[in-house]
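Listing of start.pdb; format and content: PDB, C-alpha atoms, pLDDT in the B column.
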ATOM      1  CA  MET A   1     -49.774 -26.006 -20.557  1.00 59.00           C
ATOM      2  CA  ALA A   2     -53.313 -25.636 -19.279  1.00 64.00           C
ATOM      3  CA  LEU A   3     -56.130 -27.361 -21.094  1.00 62.00           C
ATOM      4  CA  THR A   4     -58.810 -25.166 -22.588  1.00 74.00           C
ATOM      5  CA  ARG A   5     -61.426 -27.907 -22.835  1.00 78.00           C
ATOM      6  CA  GLN A   6     -63.437 -29.592 -20.107  1.00 85.00           C
ATOM      7  CA  ILE A   7     -61.273 -31.369 -17.547  1.00 89.00           C
ATOM      8  CA  ASN A   8     -62.367 -34.951 -16.907  1.00 92.00           C
ATOM      9  CA  PRO A   9     -62.174 -35.978 -13.238  1.00 92.00           C
ATOM     10  CA  MET A  10     -60.278 -39.098 -12.166  1.00 96.00           C
ATOM     11  CA  PRO A  11     -62.766 -41.704 -10.885  1.00 96.00           C
ATOM     12  CA  ASP A  12     -61.638 -43.674  -7.830  1.00 97.00           C
ATOM     13  CA  TRP A  13     -61.922 -46.995  -9.653  1.00 96.00           C
ATOM     14  CA  ILE A  14     -59.442 -45.834 -12.315  1.00 97.00           C
ATOM     15  CA  ARG A  15     -57.082 -44.392  -9.682  1.00 98.00           C
ATOM     16  CA  ASN A  16     -57.216 -47.734  -7.826  1.00 98.00           C
ATOM     17  CA  GLU A  17     -56.239 -49.603 -10.992  1.00 97.00           C
ATOM     18  CA  LEU A  18     -53.319 -47.250 -11.625  1.00 98.00           C
ATOM     19  CA  VAL A  19     -52.131 -47.710  -8.046  1.00 98.00           C
ATOM     20  CA  SER A  20     -52.533 -51.481  -8.033  1.00 97.00           C
ATOM     21  CA  ARG A  21     -50.532 -51.823 -11.255  1.00 97.00           C
ATOM     22  CA  GLY A  22     -47.863 -49.334 -10.234  1.00 98.00           C
ATOM     23  CA  LEU A  23     -48.661 -47.020 -13.141  1.00 98.00           C
ATOM     24  CA  VAL A  24     -49.425 -43.763 -11.331  1.00 97.00           C
ATOM     25  CA  GLY A  25     -46.031 -42.333 -12.293  1.00 97.00           C
ATOM     26  CA  ALA A  26     -46.455 -43.352 -15.923  1.00 97.00           C
ATOM     27  CA  TYR A  27     -49.897 -41.746 -15.982  1.00 97.00           C
ATOM     28  CA  GLU A  28     -48.702 -38.549 -14.314  1.00 96.00           C
ATOM     29  CA  GLY A  29     -45.769 -38.400 -16.727  1.00 96.00           C
ATOM     30  CA  ARG A  30     -48.104 -38.063 -19.682  1.00 96.00           C
ATOM     31  CA  PRO A  31     -49.109 -34.622 -20.988  1.00 94.00           C
ATOM     32  CA  ASP A  32     -52.305 -33.085 -19.623  1.00 92.00           C
ATOM     33  CA  TYR A  33     -54.172 -33.601 -22.891  1.00 92.00           C
ATOM     34  CA  GLN A  34     -53.417 -37.335 -22.923  1.00 95.00           C
ATOM     35  CA  ARG A  35     -54.527 -37.854 -19.342  1.00 96.00           C
ATOM     36  CA  ASN A  36     -57.703 -35.887 -19.994  1.00 95.00           C
ATOM     37  CA  ASP A  37     -58.400 -37.706 -23.271  1.00 95.00           C
ATOM     38  CA  TYR A  38     -57.991 -41.124 -21.670  1.00 97.00           C
ATOM     39  CA  LEU A  39     -60.400 -40.283 -18.844  1.00 97.00           C
ATOM     40  CA  GLY A  40     -63.024 -38.803 -21.134  1.00 95.00           C
ATOM     41  CA  TRP A  41     -62.749 -41.694 -23.585  1.00 96.00           C
ATOM     42  CA  ILE A  42     -63.226 -44.265 -20.829  1.00 97.00           C
ATOM     43  CA  ASP A  43     -66.097 -42.329 -19.252  1.00 95.00           C
ATOM     44  CA  ARG A  44     -68.006 -41.917 -22.540  1.00 95.00           C
ATOM     45  CA  ALA A  45     -68.402 -45.692 -22.946  1.00 96.00           C
ATOM     46  CA  LYS A  46     -72.004 -46.695 -22.327  1.00 97.00           C
ATOM     47  CA  LEU A  47     -71.326 -50.285 -21.325  1.00 98.00           C
ATOM     48  CA  ALA A  48     -69.252 -51.389 -18.342  1.00 97.00           C
ATOM     49  CA  THR A  49     -67.512 -53.957 -20.553  1.00 98.00           C
ATOM     50  CA  THR A  50     -66.446 -51.213 -22.956  1.00 98.00           C
ATOM     51  CA  ARG A  51     -65.209 -49.019 -20.089  1.00 97.00           C
ATOM     52  CA  ARG A  52     -63.151 -51.972 -18.839  1.00 97.00           C
ATOM     53  CA  LYS A  53     -61.736 -52.643 -22.307  1.00 98.00           C
ATOM     54  CA  ARG A  54     -60.753 -48.993 -22.675  1.00 97.00           C
ATOM     55  CA  LEU A  55     -59.211 -48.915 -19.212  1.00 98.00           C
ATOM     56  CA  ASP A  56     -57.200 -52.023 -20.019  1.00 97.00           C
ATOM     57  CA  GLN A  57     -55.958 -50.396 -23.228  1.00 97.00           C
ATOM     58  CA  MET A  58     -54.895 -47.279 -21.316  1.00 97.00           C
ATOM     59  CA  LEU A  59     -53.098 -49.365 -18.694  1.00 98.00           C
ATOM     60  CA  ASP A  60     -51.321 -51.433 -21.353  1.00 97.00           C
ATOM     61  CA  GLU A  61     -50.242 -48.298 -23.204  1.00 96.00           C
ATOM     62  CA  LEU A  62     -48.951 -46.694 -20.008  1.00 97.00           C
ATOM     63  CA  ASP A  63     -47.054 -49.871 -19.200  1.00 96.00           C
ATOM     64  CA  ARG A  64     -45.463 -49.933 -22.651  1.00 96.00           C
ATOM     65  CA  GLY A  65     -44.695 -46.240 -22.465  1.00 95.00           C
ATOM     66  CA  ASP A  66     -44.398 -45.643 -26.197  1.00 95.00           C
ATOM     67  CA  VAL A  67     -48.044 -45.751 -27.264  1.00 95.00           C
ATOM     68  CA  TYR A  68     -50.954 -43.329 -27.024  1.00 96.00           C
ATOM     69  CA  MET A  69     -54.357 -44.351 -28.386  1.00 96.00           C
ATOM     70  CA  ARG A  70     -52.711 -47.093 -30.456  1.00 95.00           C
ATOM     71  CA  MET A  71     -50.311 -44.612 -32.047  1.00 94.00           C
ATOM     72  CA  ALA A  72     -46.572 -44.407 -31.537  1.00 95.00           C
ATOM     73  CA  TRP A  73     -45.699 -41.795 -28.919  1.00 92.00           C
ATOM     74  CA  HIS A  74     -42.270 -40.599 -27.889  1.00 90.00           C
ATOM     75  CA  GLY A  75     -42.656 -38.509 -24.774  1.00 83.00           C
TER      76      GLY A  75
END
Represent the structure contained in this file as C-alpha coordinates.
Amino acid sequence: MALTRQINPMPDWIRNELVSRGLVGAYEGRPDYQRNDYLGWIDRAKLATTRRKRLDQMLDELDRGDVYMRMAWHG
(Lines of atoms letter the chains of each structure in order from A and count residues from 1; the text may use other names and numbers.)
(Lines give C-alpha, C1' and ligand atoms only; values in the text may rest on other atoms or scores of the structure.)
Protein backbone atom coordinates (compact mmCIF):
# COMPACT_ATOMS: atom_id res chain seq x y z
CA MET A 1 0.00 0.00 0.00
CA ALA A 2 1.42 3.37 -0.97
CA LEU A 3 1.76 6.06 1.64
CA THR A 4 -0.21 9.23 1.12
CA ARG A 5 1.90 11.36 3.44
CA GLN A 6 5.41 12.72 2.97
CA ILE A 7 8.00 9.99 2.50
CA ASN A 8 11.01 10.39 4.79
CA PRO A 9 14.33 9.58 3.10
CA MET A 10 16.75 7.07 4.63
CA PRO A 11 19.88 8.92 5.83
CA ASP A 12 23.18 7.11 5.22
CA TRP A 13 24.03 7.06 8.92
CA ILE A 14 20.82 5.15 9.72
CA ARG A 15 21.35 2.76 6.79
CA ASN A 16 24.91 2.11 8.05
CA GLU A 17 23.58 1.23 11.51
CA LEU A 18 21.01 -1.16 10.05
CA VAL A 19 23.70 -2.84 7.96
CA SER A 20 26.23 -3.07 10.78
CA ARG A 21 23.67 -4.69 13.09
CA GLY A 22 22.28 -7.02 10.44
CA LEU A 23 18.80 -5.49 10.68
CA VAL A 24 18.19 -4.43 7.08
CA GLY A 25 15.87 -7.39 6.51
CA ALA A 26 13.94 -6.70 9.70
CA TYR A 27 13.56 -3.06 8.69
CA GLU A 28 12.48 -3.90 5.15
CA GLY A 29 10.01 -6.45 6.52
CA ARG A 30 8.09 -3.75 8.33
CA PRO A 31 5.11 -2.03 6.68
CA ASP A 32 5.77 1.18 4.77
CA TYR A 33 4.07 3.33 7.41
CA GLN A 34 6.31 1.97 10.18
CA ARG A 35 9.50 2.53 8.23
CA ASN A 36 8.39 6.04 7.34
CA ASP A 37 7.30 6.83 10.90
CA TYR A 38 10.60 5.66 12.37
CA LEU A 39 12.62 7.81 9.97
CA GLY A 40 10.51 10.91 10.50
CA TRP A 41 10.52 10.45 14.27
CA ILE A 42 14.30 10.16 14.38
CA ASP A 43 14.79 13.09 12.01
CA ARG A 44 12.49 15.43 13.97
CA ALA A 45 14.71 15.24 17.07
CA LYS A 46 16.54 18.52 17.57
CA LEU A 47 19.46 17.14 19.55
CA ALA A 48 21.95 14.56 18.29
CA THR A 49 21.63 12.70 21.60
CA THR A 50 17.87 12.41 21.11
CA ARG A 51 18.32 11.22 17.51
CA ARG A 52 20.73 8.56 18.79
CA LYS A 53 18.32 7.49 21.54
CA ARG A 54 15.50 7.18 19.02
CA LEU A 55 17.69 5.26 16.59
CA ASP A 56 18.69 2.87 19.36
CA GLN A 57 15.03 2.32 20.23
CA MET A 58 14.21 1.56 16.58
CA LEU A 59 17.12 -0.86 16.32
CA ASP A 60 16.14 -2.62 19.55
CA GLU A 61 12.54 -2.93 18.40
CA LEU A 62 13.59 -4.31 15.02
CA ASP A 63 15.86 -6.80 16.77
CA ARG A 64 13.03 -7.94 19.04
CA GLY A 65 10.63 -8.10 16.13
CA ASP A 66 7.44 -7.84 18.15
CA VAL A 67 7.46 -4.16 19.10
CA TYR A 68 6.66 -0.94 17.27
CA MET A 69 7.00 2.39 19.08
CA ARG A 70 6.92 0.58 22.43
CA MET A 71 3.66 -1.16 21.54
CA ALA A 72 3.15 -4.85 20.88
CA TRP A 73 3.21 -5.59 17.15
CA HIS A 74 2.51 -8.87 15.43
CA GLY A 75 3.53 -8.53 11.81
Name every residue that the PyMOL selection byres ((chain A and resi 56-64) around 7) selects in this structure, writing the answer as a PyMOL selection string with chains first and numbers rising.
chain A and resi 23+26-27+38+52-55+65-68
For this file, the PyMOL selection byres ((chain A and resi 32) around 12) selects which residues, as JSON, numbers by chain?
{"A": [1, 2, 3, 4, 5, 6, 7, 8, 27, 28, 29, 30, 31, 33, 34, 35, 36, 37, 38, 39]}
Taking (-63.5, -47.0, -26.3) in the file's coordinates, which residues come within 7 Å, counting only C-alpha atoms, written as a list in words?
Trp41, Ile42, Ala45, Thr50, Arg51 and Arg54 of chain A
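CA of Pro11 (chain A) sits 13.5 Å away from CA of Val24 (chain A).
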CA of Pro9 (chain A) to CA of Arg44 (chain A), distance in Å rounded to a single decimal
12.5 Å
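Nearest residue to Trp13 (chain A) among A:Arg70, A:Gly25, A:Asp43, A:Gly75 is A:Asp43, counting only C-alpha atoms.
CA of Met71 (chain A) is positioned 24.3 Å from CA of Ala48 (chain A).
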Centre and size of axis-aligned box enclosing region 17-31 of chain A plus 4 Å each side, as JSON:
{"center_x": -51.0, "center_y": -43.2, "center_z": -14.5, "size_x": 18.5, "size_y": 25.2, "size_z": 21.0}
